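coords.cif, holding mmCIF, C-alpha atoms:
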```cif
data_structure
loop_
_atom_site.label_atom_id
_atom_site.label_comp_id
_atom_site.auth_asym_id
_atom_site.auth_seq_id
_atom_site.Cartn_x
_atom_site.Cartn_y
_atom_site.Cartn_z
CA MET A 14 15.95 -10.48 20.89
CA MET A 15 12.51 -9.34 21.89
CA ILE A 16 12.04 -7.85 25.35
CA ASP A 17 8.95 -8.94 27.29
CA VAL A 18 5.45 -8.22 26.08
CA SER A 19 4.27 -5.85 28.82
CA ARG A 20 7.40 -3.72 28.54
CA SER A 21 7.09 -3.60 24.76
CA LEU A 22 3.46 -2.55 25.14
CA ALA A 23 4.41 0.14 27.65
CA ILE A 24 7.05 1.61 25.33
CA ILE A 25 4.67 1.60 22.34
CA MET A 26 1.87 3.18 24.39
CA VAL A 27 4.15 5.97 25.63
CA THR A 28 5.15 6.84 22.05
CA ALA A 29 1.51 6.64 20.91
CA VAL A 30 0.12 8.80 23.72
CA ILE A 31 2.83 11.47 23.48
CA THR A 32 2.58 11.62 19.69
CA ALA A 33 -1.19 12.10 19.96
CA LEU A 34 -0.82 14.71 22.74
CA ILE A 35 1.58 16.70 20.58
CA ARG A 36 -0.80 16.55 17.62
CA PHE A 37 -3.77 17.60 19.77
CA ALA A 38 -1.94 20.25 21.82
CA PRO A 39 -2.48 23.17 19.43
CA PHE A 40 -6.22 22.51 19.33
CA LEU A 41 -6.49 22.10 23.11
CA ILE A 42 -4.11 24.71 24.52
CA PHE A 43 -2.60 26.90 21.83
CA HIS A 44 -5.70 27.96 19.95
CA LYS A 45 -5.47 31.39 21.58
CA GLY A 46 -1.83 31.82 20.61
CA THR A 47 1.41 29.91 21.05
CA PRO A 48 4.18 31.04 23.40
CA LYS A 49 7.11 32.56 21.46
CA PRO A 50 9.79 30.14 22.77
CA ILE A 51 7.69 27.18 21.61
CA LEU A 52 7.20 28.73 18.17
CA TYR A 53 10.93 29.28 17.95
CA LEU A 54 11.76 25.70 18.95
CA GLY A 55 9.29 24.38 16.41
CA LYS A 56 11.17 26.13 13.63
CA VAL A 57 14.72 25.17 14.59
CA LEU A 58 14.40 21.92 16.51
CA PRO A 59 13.39 19.67 13.57
CA HIS A 60 16.71 20.42 11.85
CA ALA A 61 18.75 19.78 14.99
CA VAL A 62 16.80 16.62 15.79
CA MET A 63 17.49 15.10 12.39
CA GLY A 64 21.20 15.69 12.98
CA MET A 65 20.81 14.09 16.40
CA LEU A 66 19.04 11.06 14.92
CA VAL A 67 21.74 10.49 12.32
CA VAL A 68 24.39 10.46 15.05
CA TYR A 69 22.10 8.32 17.22
CA CYS A 70 21.98 5.70 14.44
CA LEU A 71 25.78 5.58 14.45
CA LYS A 72 26.05 5.21 18.23
CA ASN A 73 27.48 1.69 18.15
CA ILE A 74 30.38 2.47 15.83
CA SER A 75 33.82 2.00 17.32
CA VAL A 76 36.56 4.25 16.05
CA VAL A 77 39.24 2.21 17.82
CA SER A 78 38.43 -1.26 16.49
CA ALA A 79 37.87 -2.63 12.97
CA PRO A 80 36.11 -1.72 10.75
CA PHE A 81 36.21 1.75 12.38
CA GLY A 82 32.84 2.81 11.01
CA VAL A 83 34.07 2.63 7.43
CA PRO A 84 31.00 0.76 6.08
CA GLU A 85 28.68 3.31 7.72
CA CYS A 86 30.63 6.26 6.27
CA LEU A 87 30.68 4.73 2.80
CA ALA A 88 26.97 3.90 2.86
CA ILE A 89 26.05 7.38 4.15
CA LEU A 90 28.18 8.95 1.42
CA PHE A 91 26.33 6.75 -1.08
CA VAL A 92 22.93 7.89 0.27
CA VAL A 93 23.93 11.58 0.20
CA ILE A 94 25.28 11.40 -3.36
CA ILE A 95 22.41 9.39 -4.79
CA HIS A 96 19.88 11.59 -3.03
CA LYS A 97 21.46 14.82 -4.23
CA TRP A 98 21.50 13.35 -7.70
CA LYS A 99 18.03 11.80 -8.01
CA HIS A 100 16.05 13.21 -5.07
CA ASN A 101 14.14 9.95 -4.87
CA THR A 102 13.59 9.05 -1.22
CA LEU A 103 12.80 5.40 -1.81
CA LEU A 104 15.74 4.86 -4.14
CA SER A 105 18.10 6.53 -1.66
CA ILE A 106 16.89 4.46 1.31
CA GLY A 107 16.65 1.19 -0.60
CA GLY A 108 19.94 1.66 -2.42
CA GLY A 109 21.76 2.85 0.69
CA THR A 110 20.53 -0.09 2.76
CA LEU A 111 21.47 -2.57 0.06
CA CYS A 112 24.89 -0.94 -0.26
CA TYR A 113 25.43 -1.19 3.51
CA MET A 114 24.24 -4.81 3.64
CA LEU A 115 26.65 -5.78 0.86
CA LEU A 116 29.49 -3.97 2.62
CA VAL A 117 28.99 -5.68 6.00
CA GLN A 118 28.16 -9.08 4.53
CA MET A 119 30.79 -9.31 1.83
CA VAL A 120 33.50 -6.69 2.18
CA PHE A 121 34.00 -6.02 5.90
CA VAL A 122 33.20 -9.51 7.15
CA MET B 17 -31.84 18.72 -14.56
CA LYS B 18 -33.01 18.81 -10.91
CA GLU B 19 -31.18 15.81 -9.47
CA ARG B 20 -30.94 16.74 -5.79
CA GLN B 21 -30.29 13.31 -4.32
CA PRO B 22 -27.86 12.05 -6.99
CA VAL B 23 -25.91 15.31 -6.72
CA VAL B 24 -25.23 14.65 -3.04
CA THR B 25 -24.04 11.10 -3.59
CA SER B 26 -22.00 11.94 -6.65
CA ARG B 27 -20.40 14.73 -4.66
CA THR B 28 -19.43 12.27 -1.92
CA LYS B 29 -18.24 9.84 -4.56
CA ASN B 30 -16.19 12.56 -6.19
CA THR B 31 -14.77 13.57 -2.80
CA ILE B 32 -13.56 10.02 -2.20
CA LYS B 33 -12.20 9.78 -5.73
CA GLN B 34 -10.33 13.08 -5.48
CA ALA B 35 -8.94 12.14 -2.06
CA PHE B 36 -7.72 8.85 -3.50
CA ILE B 37 -6.04 10.57 -6.45
CA SER B 38 -4.32 13.09 -4.17
CA SER B 39 -3.19 10.29 -1.87
CA LEU B 40 -1.45 8.24 -4.57
CA PRO B 41 2.07 9.65 -4.03
CA VAL B 42 1.71 9.02 -0.30
CA MET B 43 0.50 5.48 -1.01
CA ALA B 44 3.73 4.64 -2.80
CA GLY B 45 5.89 6.25 -0.13
CA TYR B 46 4.04 4.87 2.88
CA ILE B 47 3.85 1.31 1.63
CA VAL B 48 7.56 1.16 0.88
CA LEU B 49 8.62 2.99 4.08
CA GLY B 50 6.14 0.86 6.03
CA ILE B 51 7.61 -2.32 4.57
CA GLY B 52 11.06 -1.12 5.67
CA PHE B 53 9.72 -0.58 9.16
CA GLY B 54 8.00 -3.98 9.22
CA ILE B 55 11.16 -5.78 8.13
CA LEU B 56 13.14 -4.04 10.89
CA LEU B 57 10.50 -4.85 13.48
CA GLN B 58 10.28 -8.54 12.64
CA ASP B 59 14.06 -8.71 12.56
CA LYS B 60 13.91 -7.90 16.29
CA GLY B 61 11.47 -10.76 16.92
CA TYR B 62 8.11 -9.00 16.69
CA THR B 63 5.16 -10.50 14.80
CA TRP B 64 2.62 -8.75 12.55
CA PRO B 65 0.07 -7.82 15.28
CA TRP B 66 2.79 -5.60 16.75
CA ALA B 67 3.19 -3.85 13.41
CA LEU B 68 -0.59 -3.45 13.20
CA LEU B 69 -0.71 -2.02 16.71
CA MET B 70 2.13 0.43 16.09
CA GLY B 71 0.92 1.52 12.67
CA ALA B 72 -2.61 2.07 13.97
CA ALA B 73 -1.87 3.61 17.37
CA VAL B 74 1.41 5.51 16.91
CA TYR B 75 1.11 6.30 13.18
CA ALA B 76 4.37 8.18 12.82
CA GLY B 77 7.10 7.17 10.37
CA SER B 78 10.39 8.34 11.85
CA MET B 79 9.21 7.73 15.40
CA GLN B 80 8.28 4.13 14.69
CA TYR B 81 11.74 3.45 13.26
CA VAL B 82 13.24 4.94 16.42
CA THR B 83 10.82 2.94 18.56
CA VAL B 84 12.16 -0.31 17.10
CA ASP B 85 15.55 0.70 18.43
CA LEU B 86 14.14 1.76 21.81
CA LEU B 87 12.34 -1.60 22.06
CA THR B 88 15.49 -3.60 21.38
CA ALA B 89 17.45 -1.49 23.83
CA GLY B 90 14.69 -1.88 26.45
CA ALA B 91 14.89 1.88 26.97
CA SER B 92 13.45 3.50 30.11
CA LEU B 93 9.99 5.02 29.73
CA ILE B 94 11.41 8.45 30.56
CA SER B 95 13.87 8.35 27.71
CA VAL B 96 11.16 6.95 25.42
CA ALA B 97 8.94 9.90 26.38
CA LEU B 98 11.70 12.49 25.85
CA MET B 99 12.72 10.95 22.55
CA THR B 100 9.10 11.05 21.36
CA VAL B 101 8.79 14.72 22.29
CA MET B 102 11.99 15.62 20.44
CA VAL B 103 11.19 13.65 17.31
CA GLN B 104 7.52 14.66 17.16
CA ILE B 105 7.62 18.29 18.31
CA ARG B 106 7.39 19.43 14.69
CA HIS B 107 3.83 18.12 14.59
CA LEU B 108 2.84 20.88 16.98
CA PHE B 109 3.32 23.30 14.11
CA TYR B 110 1.28 21.33 11.64
CA GLY B 111 -1.55 21.61 14.16
CA ILE B 112 -1.02 25.32 14.65
CA SER B 113 -1.08 25.96 10.94
CA VAL B 114 -4.34 24.06 10.37
CA LEU B 115 -6.13 25.37 13.49
CA LYS B 116 -8.38 27.56 11.36
CA LYS B 117 -8.69 25.14 8.49
CA TYR B 118 -9.93 22.31 10.73
CA GLU B 119 -12.01 24.56 12.99
CA LYS B 120 -15.42 23.40 11.77
CA ALA B 121 -14.56 19.84 10.80
CA GLY B 122 -17.12 18.46 13.26
CA ARG B 123 -17.11 14.79 14.10
CA PHE B 124 -14.19 14.10 11.76
CA LYS B 125 -11.95 16.51 13.62
CA PRO B 126 -10.41 14.30 16.35
CA TYR B 127 -9.38 11.66 13.83
CA MET B 128 -8.04 14.26 11.40
CA ILE B 129 -5.88 15.70 14.17
CA PHE B 130 -4.71 12.25 15.25
CA GLY B 131 -3.68 11.45 11.69
CA LEU B 132 -1.86 14.71 10.95
CA THR B 133 1.44 13.16 9.82
CA ASP B 134 4.07 14.98 7.74
CA GLU B 135 2.66 13.61 4.49
CA THR B 136 -1.00 14.17 5.34
CA TYR B 137 -0.17 17.69 6.46
CA SER B 138 1.61 18.37 3.18
CA LEU B 139 -1.54 17.30 1.30
CA VAL B 140 -4.12 19.16 3.41
CA SER B 141 -2.06 22.34 3.50
CA ARG B 142 -2.18 22.70 -0.27
CA PRO B 143 -3.82 26.02 -1.01
CA GLU B 144 -6.46 24.72 -3.42
CA LEU B 145 -9.10 22.03 -3.11
CA PRO B 146 -10.13 19.86 -6.07
CA ASP B 147 -13.43 20.90 -7.66
CA ASN B 148 -16.77 19.66 -6.36
CA VAL B 149 -15.63 18.07 -3.07
CA ASP B 150 -16.79 18.43 0.55
CA GLU B 151 -13.81 20.06 2.20
CA TYR B 152 -13.83 18.23 5.53
CA LYS B 153 -14.79 14.88 4.05
CA TYR B 154 -11.96 15.27 1.57
CA TYR B 155 -9.45 15.86 4.39
CA PHE B 156 -10.99 13.03 6.39
CA TYR B 157 -10.71 10.51 3.54
CA LEU B 158 -7.15 11.62 2.78
CA THR B 159 -6.20 11.05 6.42
CA LEU B 160 -7.96 7.68 6.49
CA MET B 161 -6.41 6.44 3.24
CA ASN B 162 -2.91 7.49 4.26
CA HIS B 163 -3.36 5.74 7.61
CA GLY B 164 -4.49 2.63 5.76
CA TYR B 165 -1.45 2.61 3.45
CA TRP B 166 0.86 3.00 6.42
CA ILE B 167 -0.69 0.11 8.38
CA LEU B 168 -0.71 -2.04 5.25
CA GLY B 169 2.98 -1.33 4.62
CA ASP B 170 3.93 -2.05 8.24
CA VAL B 171 2.16 -5.42 8.28
CA LEU B 172 3.41 -6.36 4.79
CA GLY B 173 6.97 -5.66 5.92
CA VAL B 174 6.71 -8.14 8.78
CA ILE B 175 5.19 -10.76 6.48
CA ILE B 176 7.80 -10.20 3.75
CA GLY B 177 10.64 -10.12 6.25
CA SER B 178 9.59 -13.36 7.89
CA SER B 179 8.72 -15.33 4.76
CA PHE B 180 12.00 -14.99 2.93
CA ALA B 181 15.10 -16.46 4.50
CA PHE B 182 17.87 -14.00 3.84
CA ASN B 183 20.90 -12.67 5.64
CA SER B 184 19.45 -9.59 7.29
CA ALA B 185 22.76 -8.31 8.68
CA GLY B 186 22.89 -4.58 8.05
CA ILE B 187 19.15 -4.11 7.42
CA ASP B 188 19.06 -1.67 10.37
CA PHE B 189 20.76 0.80 8.08
CA ALA B 190 17.34 1.58 6.57
CA MET B 191 16.72 3.80 9.59
CA THR B 192 20.04 5.63 9.15
CA ALA B 193 19.35 6.07 5.45
CA LEU B 194 15.89 7.51 6.16
CA PHE B 195 17.31 10.10 8.55
CA VAL B 196 20.21 10.95 6.24
CA VAL B 197 17.72 11.57 3.42
CA ILE B 198 15.58 13.87 5.59
CA PHE B 199 18.74 15.57 6.85
CA VAL B 200 19.91 16.26 3.28
CA GLU B 201 16.50 17.62 2.29
CA GLN B 202 16.32 19.90 5.30
CA TRP B 203 19.89 21.02 4.66
CA GLU B 204 19.06 21.99 1.09
CA SER B 205 15.99 23.99 2.07
CA ALA B 206 17.37 25.60 5.26
CA LYS B 207 18.23 29.27 5.42
CA SER B 208 20.70 28.50 8.19
CA HIS B 209 22.63 25.28 8.72
CA LEU B 210 23.38 26.15 12.34
CA PRO B 211 20.53 24.07 13.88
CA ALA B 212 21.51 20.98 11.85
CA ILE B 213 25.18 21.39 12.80
CA THR B 214 24.22 21.97 16.43
CA GLY B 215 22.29 18.70 16.47
CA VAL B 216 25.16 16.68 15.00
CA VAL B 217 27.95 18.23 17.05
CA ILE B 218 26.26 18.18 20.45
CA THR B 219 25.03 14.62 20.02
CA ALA B 220 28.50 13.48 18.92
CA ILE B 221 30.13 15.21 21.91
CA CYS B 222 27.62 13.62 24.29
CA ARG B 223 28.18 10.19 22.72
CA VAL B 224 31.91 10.50 23.43
CA TRP B 225 31.36 11.96 26.89
CA PHE B 226 28.62 9.63 28.14
CA SER B 227 27.96 5.92 27.66
CA VAL B 228 26.03 4.51 24.71
CA ASP B 229 22.95 3.97 26.92
CA THR B 230 22.90 7.38 28.57
CA PHE B 231 24.07 9.97 26.01
CA LEU B 232 20.70 10.72 24.46
CA ILE B 233 19.08 12.67 27.30
CA PRO B 234 22.09 14.97 27.84
CA ALA B 235 22.21 15.44 24.06
CA MET B 236 18.54 16.49 23.94
CA ILE B 237 19.00 18.92 26.83
CA GLY B 238 22.22 20.25 25.30
CA ILE B 239 20.58 20.81 21.91
CA THR B 240 17.64 22.69 23.44
CA VAL B 241 19.94 24.92 25.51
CA ALA B 242 22.25 25.56 22.55
CA LEU B 243 19.34 26.50 20.28
CA PHE B 244 18.18 29.09 22.80
CA LEU B 245 21.74 30.45 23.06
CA GLU B 246 21.79 30.74 19.26
CA LYS B 247 18.32 32.29 19.19
CA ARG B 248 19.30 35.86 18.38
CA GLN B 249 21.54 34.84 15.51
CA LEU B 250 19.11 32.28 14.15
CA GLU B 251 16.14 34.61 14.24
CA LYS B 252 18.13 37.02 12.10
CA THR B 253 19.05 34.48 9.42
CA MET B 254 16.26 31.94 9.52
CA LEU B 255 13.09 33.64 10.51
CA THR B 256 13.32 37.11 9.04
CA ASP B 257 10.68 36.70 6.38
CA GLU B 258 8.33 34.70 8.56
CA GLU B 259 7.94 37.26 11.33
CA GLY B 260 4.62 37.40 13.05
CA GLU B 261 2.77 34.68 11.19
CA ASN B 262 0.67 33.07 13.83
CA ASP B 263 -2.47 32.33 11.97
CA ASP B 264 -3.05 32.25 8.29
#
```

Kindly return the structure encoded in the file as structure tokens.
Amino acid sequence: MMIDVSRSLAIIMVTAVITALIRFAPFLIFHKGTPKPILYLGKVLPHAVMGMLVVYCLKNISVVSAPFGVPECLAILFVVIIHKWKHNTLLSIGGGTLCYMLLVQMVFV
Amino acid sequence: MKERQPVVTSRTKNTIKQAFISSLPVMAGYIVLGIGFGILLQDKGYTWPWALLMGAAVYAGSMQYVTVDLLTAGASLISVALMTVMVQIRHLFYGISVLKKYEKAGRFKPYMIFGLTDETYSLVSRPELPDNVDEYKYYFYLTLMNHGYWILGDVLGVIIGSSFAFNSAGIDFAMTALFVVIFVEQWESAKSHLPAITGVVITAICRVWFSVDTFLIPAMIGITVALFLEKRQLEKTMLTDEEGENDD
């Protein structure tokens, strides 16, 4: 359920302020050149972070109790296949979510 | 044939029209992704003003999906801050690559920087402008329209999600699906898969090693350290043809 209002506001404000700071940073501090390590991270980190986020989404799966993450694996497989096939982001997300909802509501109840 | 005044207004009109045409693909994507976000958000008990606030103030797709999860978990502000840095760091490079382009954007500039999302960046970084448009106004209107679609989608999602009674079990998977899609796209375009693999493996190890509430920060530190350890190898495979581009 929803956590309290002031805490929700605090969390949203932190994400908003940091997002804006990152977007403004180049114009404020890096306009005379960006440090090499930061340039490097900017090229490689996005790939690693997306891997991290996929695993993060699966954090509540239990491999020792039913259904052992099977619905998640099946739905992810579905998303990968349909995306490789059609390359339509909305179809992949919509179809994958529907597939997962059907699995957890009707198959692995 | 000397129509000075009308030329100015028709140029502005054309700028808005061209910006709208260019923004159409983003409109479709943002409204649907925004609706997904709104449905998730209301599923956790938040009403439409929250979606409006987040869409207007944060204005970041992936990060807002993650924020829904951080809100439900009641995450600490430190981990919220770190997570935001990790997820959003890529935006630093959008800024760097439009430093010159936006240099003389004047009063529009702060808003254009604020609204530099992945999609807006992909539109403004196109090499050619449509004919007969004011460059900075064109970028400004693009940014504004995209922002509008996103907010509209976010709020619509909450309204849709709360006006139809349906079994929402499993709807959270929209976030997983979004990240899997981006992961697949990055995988296909990457010169090296090592960063992607690093992200998956280190996060998985940390999830096993630490508890579900604490694994993220060690994972983020671990990934950063590992990427620096892999730097020499990665620079050889990934960055060879992009050496020394700092400003173009």

Open item on the list: I need the chain B residues near chain A as a VMD selection string; criterion: at most 6 Å, counting all atoms listed in the file.
Closed with: chain B and resid 60 to 61 73 to 74 100 106 to 108 111 to 112 130 186 189 to 190 192 to 195 199 211 to 212 215 to 216 219

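CA of Arg223 (chain B) to CA of Glu251 (chain B) spans 28.5 Å [interatomic distance, one decimal].
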
Go through the shown structure with the PyMOL selection byres ((chain B and resi 170) around 8) and write out the matching residues as a PDB file with C-alpha atoms, in the coordinates of the input.
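Generated file (selection39.pdb):
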```pdb
ATOM      1  CA  ILE B  47       3.850   1.310   1.630  1.00  0.00           C
ATOM      2  CA  GLY B  50       6.140   0.860   6.030  1.00  0.00           C
ATOM      3  CA  ILE B  51       7.610  -2.320   4.570  1.00  0.00           C
ATOM      4  CA  GLY B  52      11.060  -1.120   5.670  1.00  0.00           C
ATOM      5  CA  PHE B  53       9.720  -0.580   9.160  1.00  0.00           C
ATOM      6  CA  GLY B  54       8.000  -3.980   9.220  1.00  0.00           C
ATOM      7  CA  ALA B  67       3.190  -3.850  13.410  1.00  0.00           C
ATOM      8  CA  LEU B  68      -0.590  -3.450  13.200  1.00  0.00           C
ATOM      9  CA  GLY B  71       0.920   1.520  12.670  1.00  0.00           C
ATOM     10  CA  TRP B 166       0.860   3.000   6.420  1.00  0.00           C
ATOM     11  CA  ILE B 167      -0.690   0.110   8.380  1.00  0.00           C
ATOM     12  CA  LEU B 168      -0.710  -2.040   5.250  1.00  0.00           C
ATOM     13  CA  GLY B 169       2.980  -1.330   4.620  1.00  0.00           C
ATOM     14  CA  VAL B 171       2.160  -5.420   8.280  1.00  0.00           C
ATOM     15  CA  LEU B 172       3.410  -6.360   4.790  1.00  0.00           C
ATOM     16  CA  GLY B 173       6.970  -5.660   5.920  1.00  0.00           C
ATOM     17  CA  VAL B 174       6.710  -8.140   8.780  1.00  0.00           C
TER      18      VAL B 174
END
```

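Reported to one decimal place, the separation of CA of Arg123 (chain B) from CA of Arg27 (chain B) is 19.0 Å.
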
Task: Selected residue of minimal separation from Ile198 (chain B) among B:Tyr75, B:Ser38, B:Asp134, B:Tyr46, counting only C-alpha atoms - done: B:Asp134

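Evaluated against this file, the PyMOL selection byres ((chain B and resi 127) around 12) yields Ala33, Arg36 and Phe37 of chain A; Ala72, Ala73, Tyr75, Tyr118, Ala121, Gly122, Arg123, Phe124, Lys125, Pro126, Met128, Ile129, Phe130, Gly131, Leu132, Thr133, Tyr152, Lys153, Tyr155, Phe156, Tyr157, Leu158, Thr159, Leu160 and His163 of chain B.
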
TODO: Grab the CA of Leu210 (chain B) to CA of Lys247 (chain B) distance for me, in Å with one decimal place.
DONE: 10.5 Å

Give, as lines of an AutoDock Vina configuration file, the centre coordinates and the x, y and z edge lengths in Å to one decimal for an axis-aligned box around all listed atoms of region 107-118 of chain A, padded by 3 Å on each side.
```
center_x = 23.1
center_y = -3.1
center_z = 1.8
size_x = 18.8
size_y = 17.9
size_z = 14.4
```

Open item on the list: Quick one: residues within 9 Å of Met43 (chain B), all atoms listed in the file, excluding same-chain residues fewer than 3 positions away - as JSON, numbers by chain?
Closed with: {"B": [39, 40, 46, 47, 48, 161, 162, 164, 165, 166]}

- [ ] Would you mind telling me which residue in B:Ile105, B:Leu57, B:Val42, B:Ala235 lies nearest to Ser184 (chain B) when using all atoms listed in the file?
- [x] B:Leu57
